[in-house]
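The block underneath contains the structure these notes are about, expressed in structure tokens.
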Amino acid sequence: MKIDSATLNALERFAPQLNTASLLEKVLFYIMMVFVLAGFPALYIQHFEGHYVTGMRDNVFWGVYIVNFIFYIGISYAGALISGILYLLKVEWRKPIIRIAEMITVISTILGPIYILLCMGRLDRLHHLIIYGRIQSPITWDVIAITTYLIGSIIFLYLATIQDFAILRDWKGLKVGKWRHAWYRFFAVSYQDTPRQRQLVHRGLTIMSIIIIPLAVIVHSVLSWIFGMTLRPGWHSTIFAPYFVVAAVFSGTGVLIIAMWVYRKLYKLEDIITEKHFRYLGIILLVLGALYGYFTFAEYLTNWYGSEKWELELIYKLFDLNEFGWMFIFAAFVGVLLPIIIIGVPYFRSINSISFASLIVVVAMWVKRYIIIIPTLETPLLPMQESRMEYVHYSMTWIEWILTISGLAVFCLFFYLYSKFVPIIPVSESADLVGNPNGAKGKDGDIPGEQNKNK
Amino acid sequence: MKVTMHTYNKYYRKASLILLFFFILLIVGHRSSAQNDSPLRLYLDIMSYQNDSGVELRSSVRARIGENRKILPVEGLSIDFYNLTDTTETLLGSVTSNSEGVASLFIEGYKGLQWDEEEGYLFMASFQGSDRFRKGSKDLSVRQAEINIGFEEVDSIKMISVQAFEINPLASEKIPLDDITVSFYVKGSFSLYRIGEEDLEDGVCAVNFPVSLPGDETGNLTIIAKVEEDDDYGYVEGSAIKDWGVVKLPVIPEERRGLGDTDAPLWMVYTLIFLLSAVWIHYIYVFIVVYLIKRDSRAR
């Protein structure tokens with residue numbers, strides 16, 4: 001396969017990312033490894049001691065593991081939606097960020113279900129989900145939906161990377177090991193960039209872009225129905241599916257912005273991932289924040305106005321500063337209003353402030369998942385027979401803390417390792433972004449690709 | 001202020017009186033609490049239930065307990081049942097009272113019971129006493145009786161007849177019962193359905209049978225005749241099965257498909273198949289695309 005000069009320029013630019021690591025990268029890598037390894041003793045203790053070492057008990061039978069599961073599946077949604085929609089609309093500025101979005105989708109969809117395994121008391125009965133699974137059960141829907149979604153996300157990421165694999169396979173200047181070349185050869189499936197092959201890849205990507213959007217909506221709706229189909233205060237709500245979908249895109253967009261900020265700094269991509277990308281995604285975040293705030297208000301107002309006994313008890317727990325009040329304030333007010341103000345007011349709007357707002361959104365959305373699950377489980381419809389505090393109130397144990405942090409480290413590590421395998425900016429699509437010196441030194445806020453196109 | 005000896009003595013007397021008052025209160029309080037700790041009186045009762053296969057002795061145990069001193073059933077007390085004669089007391093068995101305060105003992109075929117010519121069978125339920133409850137006992141004399149049920153149909157009129165006797169186990173003779181009310185029932189799914197009552201005359205009585213009662217698949221009904229709360233015989237019951245009921249054909253439950261059933265609702269199955277097919281057809285198409293890419297290179 002012939003590699004044109006623009007692509008060669010891009011390859012020269014991204015080669016260091018693939019075969020060398022800066023001191024900062026090494027430090028970050030080892031820090032992540034420490035957190036990942038710290039998870040193993042915790043996992044060992046939980047496996048051999050049982051779930052008694054967690055905060056989960058008879059009444060609060062779901063804890064932070066389910067919170068993490070929903071959180072990761074939620075952020076996966078943004079990748080699918082943003083990359084799918086932007087690809088279909090042929091938005092030019094998507095090119096530098098699309099692979100980051102797709103990676104978020106795949107990695108978080110792999111990581112999320114691991115937390116379900118951590119939550120299960122009898123892992124040896126995991127296969128019962130397949131053998132005895134009932135189609136009527138939302139749990140079964142979830143297993144089917146997430147598996148299908150994961151496969152779809154991997155196919156989408158792979159199709160979008162196939163041209164880069166071929167370029168990396170054929171580029172003689174890449175100084176990496178033989179095994180890595182072998183992998184590039186394998187994944188490139190003899191792609192030669194002929195017009196017919198380009199057409200086939202484009203067709204595959206278009207189909208996957210179309211299919212991944214409704215699939216992501218269904219997956220997150222199904223996830224919400226695990227709760228929505230249950231007759232428990234705070235869960236049994238008709239708007240739970242769209243509420244979950246909006247919250248998922250909201251948090252996922254936040255993670256995408258944070259990842260962009262990190263890679264921009266780490267691989268010095270300031271000329272490729274520009275302020276405009278942050279601004280555009282920031283505006284998406286703002287709109288989603290407003291939508292999410294609207295759903296939150298509608299949900300709690302309806303429940304509060306209805307004054308149903310158990311719903312009220314739950315709402316008072318959420319409003320009580322001695323119980324979940326601070327979490328509720330953070331998730332429902334700080335996590336929505338502060339990002340809207342930061343992004344909405346031009347004076348505050350900058351790359352760093354938008355990234356900071358995204359960080360607030362992501363943390364708030366994690367807290368939101370926590371206050372969806374735990375307070376409801378602490379409010380059973382039948383009075384609790386148990387009076388021991390650890391049975392009545394859930395609190396995370398150090399095992400759960402470590403496994404949560406460890407999971408976050410795994411997420412970052414996978415992200416980093418994948419960026420060492422394939423350029424974080426799609427070379428085949430973004431060659432013109434790098435090759436143009438005007439693009440590289442263009443005015444802050446311009447999309448280099450757009451400049452090239454205009455010329 | 002100057003405190004004189006007189007004032008001092010006055011305060012001293014007052015203090016002594018107050019102390020004495022509290023001391024008396026203490027003693028009274030202690031005595032009343034000690035009274036609360038004394039064993040409670042037990043209300044014991046005993047009844048007999050005779051049927052074709054033997055006699056059941058049923059003792060109910062109650063006491064004034066709780067803050068309101070209500071008479072409530074007492075659970076967990078061991079009740080001893082005795083068969084008495086003028087000279088002997090034979091222990092038949094010990095049974096613990098249930099949550100309704102009832103302890104019951106069934107003696108099959110009146111085996112091992114001593115008969116008294118004048119009193120019939122003499123029984124006693126007894127509680128030996130405990131820290132919480134005082135001991136107590138109750139006697140009961142019962143004469144052995146038997147009810148036999150017969151069925152007649154004359155000119156489409158169905159009748160249930162009963163023969164009731166007193167049985168003297170020593171003489172093996174049956175004495176017809178007289179002037180005792182017999183109640184007739186049909187056994188339902190959850191309770192007994194009363195169909196009539198009649199007084200015995202020379203050991204015999206009869207009632208009409210209602211024709212519209214539903215039976216089982218073969219029309220069988222369980223008919224029960226009872227003498228209830230009689231001074232001499234207690235409760236006596238006889239039963240028989242007769243196919244006089246309206247035949248109730250077994251309802252074969254329709255195979256359902258719903259959320260609570262083994263099989264999912266069909267719309268759900270079709271939706272799942274449709275959605276999964278729609279997605280997987282596209283996946284398969286993409287796999288074909290990848291294959292075509294590979295084939296295109298090979299062709300070149």
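Numbering starts fresh at 1 for the residues of each chain in the structure tokens, the chains themselves are lettered A, B, ... in the order given, and ligands are numbered from 1 as they appear.
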I need the chain B residues near chain A as number ranges by chain; criterion: at most 12 Å, counting only C-alpha atoms. B: 257-273, 275-300
Restrict the selected residues to N, CA and C atoms and save them as a short mmCIF file (atom, residue, chain, number, x, y, z; two decimals), in the first residue's frame.
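Below you can see result.cif, which holds the result:
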data_model
loop_
_atom_site.label_atom_id
_atom_site.label_comp_id
_atom_site.auth_asym_id
_atom_site.auth_seq_id
_atom_site.Cartn_x
_atom_site.Cartn_y
_atom_site.Cartn_z
N ARG B 257 -48.77 -17.75 28.86
CA ARG B 257 -47.45 -17.17 28.64
C ARG B 257 -47.50 -15.78 29.25
N GLY B 258 -46.82 -15.61 30.33
CA GLY B 258 -46.88 -14.32 31.01
C GLY B 258 -45.60 -14.08 31.79
N LEU B 259 -45.56 -12.94 32.48
CA LEU B 259 -44.35 -12.59 33.22
C LEU B 259 -44.03 -13.61 34.31
N GLY B 260 -45.09 -14.13 34.94
CA GLY B 260 -44.85 -15.06 36.05
C GLY B 260 -44.74 -16.51 35.60
N ASP B 261 -44.94 -16.79 34.33
CA ASP B 261 -44.92 -18.17 33.85
C ASP B 261 -43.54 -18.55 33.32
N THR B 262 -43.44 -19.85 33.04
CA THR B 262 -42.16 -20.34 32.53
C THR B 262 -41.87 -19.74 31.16
N ASP B 263 -42.94 -19.63 30.36
CA ASP B 263 -42.75 -19.11 29.00
C ASP B 263 -43.09 -17.62 28.94
N ALA B 264 -42.24 -16.90 28.24
CA ALA B 264 -42.43 -15.45 28.12
C ALA B 264 -43.63 -15.14 27.22
N PRO B 265 -44.24 -13.97 27.40
CA PRO B 265 -45.30 -13.56 26.47
C PRO B 265 -44.76 -13.55 25.04
N LEU B 266 -45.63 -13.94 24.13
CA LEU B 266 -45.16 -14.08 22.74
C LEU B 266 -44.67 -12.76 22.15
N TRP B 267 -45.37 -11.66 22.50
CA TRP B 267 -44.93 -10.38 21.93
C TRP B 267 -43.49 -10.07 22.34
N MET B 268 -43.14 -10.52 23.58
CA MET B 268 -41.80 -10.25 24.07
C MET B 268 -40.77 -11.08 23.31
N VAL B 269 -41.14 -12.33 23.07
CA VAL B 269 -40.25 -13.22 22.33
C VAL B 269 -40.04 -12.68 20.91
N TYR B 270 -41.14 -12.28 20.27
CA TYR B 270 -41.04 -11.77 18.89
C TYR B 270 -40.21 -10.48 18.84
N THR B 271 -40.43 -9.61 19.84
CA THR B 271 -39.68 -8.35 19.87
C THR B 271 -38.19 -8.62 20.00
N LEU B 272 -37.87 -9.55 20.92
CA LEU B 272 -36.46 -9.87 21.14
C LEU B 272 -35.83 -10.45 19.87
N ILE B 273 -36.55 -11.39 19.26
CA ILE B 273 -36.03 -12.01 18.03
C ILE B 273 -35.84 -10.94 16.95
N LEU B 275 -35.43 -7.63 17.28
CA LEU B 275 -34.36 -6.67 17.57
C LEU B 275 -32.98 -7.31 17.38
N LEU B 276 -32.84 -8.52 17.95
CA LEU B 276 -31.54 -9.18 17.83
C LEU B 276 -31.21 -9.49 16.38
N SER B 277 -32.23 -9.92 15.64
CA SER B 277 -31.99 -10.23 14.22
C SER B 277 -31.57 -8.98 13.48
N ALA B 278 -32.28 -7.88 13.77
CA ALA B 278 -31.97 -6.62 13.08
C ALA B 278 -30.52 -6.22 13.33
N VAL B 279 -30.07 -6.38 14.56
CA VAL B 279 -28.70 -5.99 14.89
C VAL B 279 -27.70 -6.97 14.26
N TRP B 280 -27.96 -8.26 14.48
CA TRP B 280 -26.98 -9.26 14.05
C TRP B 280 -26.88 -9.38 12.53
N ILE B 281 -27.94 -9.10 11.84
CA ILE B 281 -27.86 -9.11 10.37
C ILE B 281 -26.84 -8.06 9.91
N HIS B 282 -26.88 -6.92 10.57
CA HIS B 282 -25.92 -5.87 10.22
C HIS B 282 -24.50 -6.25 10.61
N TYR B 283 -24.37 -6.89 11.77
CA TYR B 283 -23.03 -7.35 12.17
C TYR B 283 -22.49 -8.32 11.13
N ILE B 284 -23.34 -9.24 10.75
CA ILE B 284 -22.90 -10.26 9.78
C ILE B 284 -22.51 -9.58 8.46
N TYR B 285 -23.29 -8.58 8.11
CA TYR B 285 -22.96 -7.86 6.88
C TYR B 285 -21.58 -7.22 6.99
N VAL B 286 -21.27 -6.66 8.16
CA VAL B 286 -19.96 -6.03 8.35
C VAL B 286 -18.85 -7.09 8.29
N PHE B 287 -19.12 -8.28 8.85
CA PHE B 287 -18.13 -9.37 8.74
C PHE B 287 -17.89 -9.69 7.25
N ILE B 288 -18.96 -9.69 6.50
CA ILE B 288 -18.83 -9.96 5.05
C ILE B 288 -18.00 -8.85 4.39
N VAL B 289 -18.22 -7.61 4.83
CA VAL B 289 -17.45 -6.49 4.29
C VAL B 289 -15.96 -6.72 4.53
N VAL B 290 -15.62 -7.12 5.75
CA VAL B 290 -14.21 -7.38 6.08
C VAL B 290 -13.67 -8.50 5.20
N TYR B 291 -14.48 -9.52 4.99
CA TYR B 291 -14.06 -10.63 4.13
C TYR B 291 -13.85 -10.15 2.70
N LEU B 292 -14.74 -9.26 2.24
CA LEU B 292 -14.62 -8.74 0.87
C LEU B 292 -13.35 -7.91 0.71
N ILE B 293 -12.99 -7.18 1.76
CA ILE B 293 -11.74 -6.40 1.73
C ILE B 293 -10.55 -7.35 1.52
N LYS B 294 -10.59 -8.42 2.29
CA LYS B 294 -9.50 -9.40 2.20
C LYS B 294 -9.46 -10.04 0.81
N ARG B 295 -10.62 -10.36 0.31
CA ARG B 295 -10.71 -11.04 -0.99
C ARG B 295 -10.25 -10.11 -2.12
N ASP B 296 -10.58 -8.84 -1.98
CA ASP B 296 -10.19 -7.86 -2.99
C ASP B 296 -8.66 -7.78 -3.10
N SER B 297 -7.99 -7.82 -1.94
CA SER B 297 -6.52 -7.77 -1.95
C SER B 297 -5.95 -9.02 -2.60
N ARG B 298 -6.54 -10.15 -2.27
CA ARG B 298 -6.06 -11.41 -2.84
C ARG B 298 -6.22 -11.40 -4.37
N ALA B 299 -7.35 -10.89 -4.80
CA ALA B 299 -7.63 -10.86 -6.24
C ALA B 299 -6.58 -10.04 -6.98
N ARG B 300 -6.09 -9.00 -6.29
CA ARG B 300 -5.08 -8.16 -6.93
C ARG B 300 -3.72 -8.82 -6.89
#
Based on DSSP run over this structure's backbone, return all residues of range 27-246 of chain B in helix (DSSP H, G or I), as a PyMOL selection string. chain B and resi 27-37
Write the residues you've just listed into a file as an mmCIF file, in the first residue's frame, and include C-alpha atoms for each of them.
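After the write, out.cif holds the following:
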data_model
loop_
_atom_site.group_PDB
_atom_site.id
_atom_site.type_symbol
_atom_site.label_atom_id
_atom_site.label_comp_id
_atom_site.auth_asym_id
_atom_site.auth_seq_id
_atom_site.Cartn_x
_atom_site.Cartn_y
_atom_site.Cartn_z
ATOM 1 C CA ILE B 27 -41.008 -1.175 100.263
ATOM 2 C CA VAL B 28 -44.462 -0.921 98.704
ATOM 3 C CA GLY B 29 -42.923 -0.768 95.253
ATOM 4 C CA HIS B 30 -40.769 -3.751 95.978
ATOM 5 C CA ARG B 31 -43.694 -5.754 97.337
ATOM 6 C CA SER B 32 -45.881 -4.930 94.364
ATOM 7 C CA SER B 33 -43.089 -5.854 91.972
ATOM 8 C CA ALA B 34 -42.536 -9.033 93.960
ATOM 9 C CA GLN B 35 -46.236 -9.763 93.518
ATOM 10 C CA ASN B 36 -45.811 -9.355 89.780
ATOM 11 C CA ASP B 37 -43.149 -12.014 89.849
#
Name the residues in contact with range 173-179 of chain A at a cut-off of 9 Å, using only C-alpha atoms, excluding same-chain residues fewer than 5 positions from it; report them as a list in words. Leu11, Glu12, Ala15, Leu18, Asn19, Leu168 and Tyr184 of chain A
Just to be explicit: take each residue in the selection above, keep C-alpha atoms, and write the result as a CSV table (one decimal), in the first residue's frame.
chain,number,residue,atom,x,y,z
A,11,LEU,CA,3.1,9.1,10.9
A,12,GLU,CA,6.4,10.9,11.7
A,15,ALA,CA,5.5,7.6,15.8
A,18,LEU,CA,3.8,4.5,19.6
A,19,ASN,CA,7.4,3.5,20.4
A,168,LEU,CA,1.2,1.0,10.3
A,184,TYR,CA,-0.8,-5.0,12.5
Minimum-distance residue to Val207 in chain B, chosen among B:Leu192, B:Ala164, B:Ile157, B:Ile180 (using only C-alpha atoms): B:Ile157
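You will find CA of Phe127 in chain B at 28.1 Å from CA of Ala145 in chain B.
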Who sits within 7 Å of Leu84 in chain B, only C-alpha atoms, same chain under 3 positions skipped, as a VMD selection string: chain B and resid 88 to 90 122 to 123
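When CA of Phe250 in chain A is paired with CA of Leu288 in chain A, their separation reads 5.6 Å.
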For Met365 in chain A, find every residue with an atom within 8 Å (counting only C-alpha atoms), except residues of its own chain fewer than 2 positions away, and show them as a short mmCIF file (atom, residue, chain, number, x, y, z; two decimals) with N, CA and C atoms, in the first residue's frame.
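And here is the file that came out, selection15.cif:
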data_model
loop_
_atom_site.label_atom_id
_atom_site.label_comp_id
_atom_site.auth_asym_id
_atom_site.auth_seq_id
_atom_site.Cartn_x
_atom_site.Cartn_y
_atom_site.Cartn_z
N PHE A 71 -22.17 3.31 35.96
CA PHE A 71 -21.33 4.45 35.58
C PHE A 71 -20.53 4.14 34.31
N ALA A 247 -28.48 10.93 31.21
CA ALA A 247 -27.40 10.95 32.22
C ALA A 247 -26.16 10.25 31.67
N SER A 251 -22.56 12.09 31.24
CA SER A 251 -21.32 11.68 31.89
C SER A 251 -20.29 11.24 30.84
N ALA A 331 -25.01 16.14 43.27
CA ALA A 331 -25.40 15.48 42.01
C ALA A 331 -26.45 16.27 41.25
N GLY A 335 -23.43 19.54 40.21
CA GLY A 335 -23.04 18.81 39.01
C GLY A 335 -23.76 19.27 37.75
N VAL A 361 -18.89 17.09 36.31
CA VAL A 361 -20.02 16.32 35.77
C VAL A 361 -19.81 14.83 36.01
N VAL A 362 -18.62 14.35 35.71
CA VAL A 362 -18.34 12.91 35.83
C VAL A 362 -18.49 12.46 37.29
N VAL A 363 -17.90 13.22 38.20
CA VAL A 363 -17.99 12.85 39.62
C VAL A 363 -19.46 12.93 40.08
N VAL A 367 -21.87 10.03 41.70
CA VAL A 367 -22.63 10.22 42.95
C VAL A 367 -24.13 10.00 42.69
N LYS A 368 -24.58 10.48 41.54
CA LYS A 368 -26.01 10.32 41.19
C LYS A 368 -26.39 8.84 41.16
N ARG A 369 -25.54 8.03 40.54
CA ARG A 369 -25.81 6.59 40.50
C ARG A 369 -25.85 6.01 41.92
#
Please provide as a VMD selection string all residues within 6 Å of range 92-105 of chain A, with the sequence filter that same-chain residues fewer than 6 positions apart are discarded (counting only C-alpha atoms). chain A and resid 76 79 83 157 425
One number please: CA of Val55 in chain B to CA of Ala206 in chain B, in Å, one decimal. 24.7 Å
From a DSSP calculation on the backbone, collect every residue of range 142-196 of chain B in strand (DSSP E) and output the set as a PyMOL selection string. chain B and resi 142+145-154+157-168+173-176+181-187+192-196
Just the selected residues (N, CA and C atoms), exported as an mmCIF file, in the first residue's frame, please.
data_model
loop_
_atom_site.group_PDB
_atom_site.id
_atom_site.type_symbol
_atom_site.label_atom_id
_atom_site.label_comp_id
_atom_site.auth_asym_id
_atom_site.auth_seq_id
_atom_site.Cartn_x
_atom_site.Cartn_y
_atom_site.Cartn_z
ATOM 1 N N VAL B 142 -66.459 -38.816 79.814
ATOM 2 C CA VAL B 142 -67.026 -38.984 78.477
ATOM 3 C C VAL B 142 -67.534 -40.403 78.323
ATOM 4 N N ALA B 145 -69.355 -43.030 72.199
ATOM 5 C CA ALA B 145 -70.513 -43.025 71.299
ATOM 6 C C ALA B 145 -70.054 -43.220 69.860
ATOM 7 N N GLU B 146 -71.025 -43.537 69.015
ATOM 8 C CA GLU B 146 -70.682 -43.813 67.617
ATOM 9 C C GLU B 146 -71.809 -43.309 66.730
ATOM 10 N N ILE B 147 -71.453 -42.726 65.592
ATOM 11 C CA ILE B 147 -72.474 -42.265 64.635
ATOM 12 C C ILE B 147 -72.241 -42.985 63.311
ATOM 13 N N ASN B 148 -73.250 -43.638 62.797
ATOM 14 C CA ASN B 148 -73.166 -44.284 61.484
ATOM 15 C C ASN B 148 -74.080 -43.545 60.514
ATOM 16 N N ILE B 149 -73.580 -43.286 59.326
ATOM 17 C CA ILE B 149 -74.349 -42.524 58.336
ATOM 18 C C ILE B 149 -74.846 -43.460 57.240
ATOM 19 N N GLY B 150 -76.092 -43.314 56.862
ATOM 20 C CA GLY B 150 -76.662 -44.094 55.773
ATOM 21 C C GLY B 150 -77.328 -43.187 54.746
ATOM 22 N N PHE B 151 -77.527 -43.701 53.551
ATOM 23 C CA PHE B 151 -78.103 -42.890 52.462
ATOM 24 C C PHE B 151 -79.302 -43.621 51.850
ATOM 25 N N GLU B 152 -80.381 -42.888 51.621
ATOM 26 C CA GLU B 152 -81.586 -43.467 51.003
ATOM 27 C C GLU B 152 -82.065 -42.538 49.905
ATOM 28 N N GLU B 153 -82.640 -43.114 48.851
ATOM 29 C CA GLU B 153 -83.210 -42.298 47.780
ATOM 30 C C GLU B 153 -84.578 -42.875 47.438
ATOM 31 N N VAL B 154 -85.619 -42.138 47.744
ATOM 32 C CA VAL B 154 -86.990 -42.586 47.468
ATOM 33 C C VAL B 154 -87.672 -41.533 46.607
ATOM 34 N N ILE B 157 -86.038 -38.314 45.995
ATOM 35 C CA ILE B 157 -85.708 -37.517 47.189
ATOM 36 C C ILE B 157 -84.564 -38.226 47.912
ATOM 37 N N LYS B 158 -83.507 -37.467 48.080
ATOM 38 C CA LYS B 158 -82.317 -38.054 48.704
ATOM 39 C C LYS B 158 -82.310 -37.712 50.187
ATOM 40 N N MET B 159 -82.068 -38.729 51.004
ATOM 41 C CA MET B 159 -82.083 -38.548 52.467
ATOM 42 C C MET B 159 -80.773 -39.052 53.062
ATOM 43 N N ILE B 160 -80.329 -38.339 54.056
ATOM 44 C CA ILE B 160 -79.179 -38.826 54.837
ATOM 45 C C ILE B 160 -79.725 -39.228 56.192
ATOM 46 N N SER B 161 -79.467 -40.473 56.555
ATOM 47 C CA SER B 161 -79.949 -40.940 57.863
ATOM 48 C C SER B 161 -78.768 -41.249 58.768
ATOM 49 N N VAL B 162 -79.055 -41.179 60.049
ATOM 50 C CA VAL B 162 -77.996 -41.385 61.036
ATOM 51 C C VAL B 162 -78.475 -42.349 62.104
ATOM 52 N N GLN B 163 -77.582 -43.233 62.505
ATOM 53 C CA GLN B 163 -77.845 -44.081 63.675
ATOM 54 C C GLN B 163 -76.768 -43.765 64.696
ATOM 55 N N ALA B 164 -77.199 -43.402 65.902
ATOM 56 C CA ALA B 164 -76.226 -43.038 66.940
ATOM 57 C C ALA B 164 -76.431 -43.906 68.170
ATOM 58 N N PHE B 165 -75.307 -44.436 68.689
ATOM 59 C CA PHE B 165 -75.362 -45.346 69.839
ATOM 60 C C PHE B 165 -74.346 -44.934 70.881
ATOM 61 N N GLU B 166 -74.700 -45.332 72.106
ATOM 62 C CA GLU B 166 -73.670 -45.310 73.146
ATOM 63 C C GLU B 166 -73.092 -46.711 73.203
ATOM 64 N N ILE B 167 -71.789 -46.798 73.387
ATOM 65 C CA ILE B 167 -71.146 -48.121 73.376
ATOM 66 C C ILE B 167 -70.570 -48.398 74.743
ATOM 67 N N ASN B 168 -70.919 -49.570 75.252
ATOM 68 C CA ASN B 168 -70.301 -50.014 76.497
ATOM 69 C C ASN B 168 -69.222 -51.018 76.114
ATOM 70 N N GLU B 173 -72.309 -53.880 74.103
ATOM 71 C CA GLU B 173 -73.684 -53.611 73.686
ATOM 72 C C GLU B 173 -73.808 -52.159 73.221
ATOM 73 N N LYS B 174 -74.779 -51.902 72.287
ATOM 74 C CA LYS B 174 -74.991 -50.568 71.749
ATOM 75 C C LYS B 174 -76.354 -50.062 72.209
ATOM 76 N N ILE B 175 -76.354 -48.926 72.874
ATOM 77 C CA ILE B 175 -77.605 -48.355 73.381
ATOM 78 C C ILE B 175 -77.958 -47.155 72.507
ATOM 79 N N PRO B 176 -79.154 -47.163 71.865
ATOM 80 C CA PRO B 176 -79.515 -46.026 71.006
ATOM 81 C C PRO B 176 -79.599 -44.730 71.806
ATOM 82 N N THR B 181 -79.361 -33.627 69.611
ATOM 83 C CA THR B 181 -79.372 -32.992 68.278
ATOM 84 C C THR B 181 -78.138 -33.415 67.476
ATOM 85 N N VAL B 182 -78.416 -33.797 66.222
ATOM 86 C CA VAL B 182 -77.317 -34.125 65.304
ATOM 87 C C VAL B 182 -77.296 -33.067 64.199
ATOM 88 N N SER B 183 -76.104 -32.516 63.941
ATOM 89 C CA SER B 183 -75.948 -31.533 62.851
ATOM 90 C C SER B 183 -75.307 -32.229 61.654
ATOM 91 N N PHE B 184 -75.784 -31.836 60.450
ATOM 92 C CA PHE B 184 -75.285 -32.461 59.219
ATOM 93 C C PHE B 184 -74.479 -31.427 58.410
ATOM 94 N N TYR B 185 -73.348 -31.857 57.900
ATOM 95 C CA TYR B 185 -72.478 -30.958 57.123
ATOM 96 C C TYR B 185 -71.971 -31.666 55.871
ATOM 97 N N VAL B 186 -71.579 -30.841 54.905
ATOM 98 C CA VAL B 186 -70.824 -31.341 53.749
ATOM 99 C C VAL B 186 -69.466 -30.652 53.777
ATOM 100 N N LYS B 187 -68.435 -31.446 53.565
ATOM 101 C CA LYS B 187 -67.079 -30.885 53.642
ATOM 102 C C LYS B 187 -66.767 -30.072 52.384
ATOM 103 N N LEU B 192 -66.771 -26.347 56.595
ATOM 104 C CA LEU B 192 -67.917 -27.250 56.505
ATOM 105 C C LEU B 192 -69.165 -26.458 56.122
ATOM 106 N N TYR B 193 -69.957 -27.058 55.251
ATOM 107 C CA TYR B 193 -71.210 -26.413 54.827
ATOM 108 C C TYR B 193 -72.372 -27.115 55.516
ATOM 109 N N ARG B 194 -73.116 -26.369 56.319
ATOM 110 C CA ARG B 194 -74.180 -26.966 57.127
ATOM 111 C C ARG B 194 -75.412 -27.204 56.245
ATOM 112 N N ILE B 195 -75.922 -28.453 56.276
ATOM 113 C CA ILE B 195 -77.102 -28.726 55.437
ATOM 114 C C ILE B 195 -78.348 -29.015 56.278
ATOM 115 N N GLY B 196 -78.222 -29.130 57.598
ATOM 116 C CA GLY B 196 -79.418 -29.317 58.427
ATOM 117 C C GLY B 196 -79.102 -29.914 59.778
#
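Compared by their closest atoms to Ile351 in chain A, and using only C-alpha atoms, the residues A:Met260, A:Ala21, A:Leu43, A:Ile146 rank with A:Met260 nearest.
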Spatial neighbours of Leu77 in chain B, 12 Å, only C-alpha atoms, chain gap at least 2 places, as a PyMOL selection string: chain B and resi 42+44+59-63+73-75+79-80+94-103+125-136
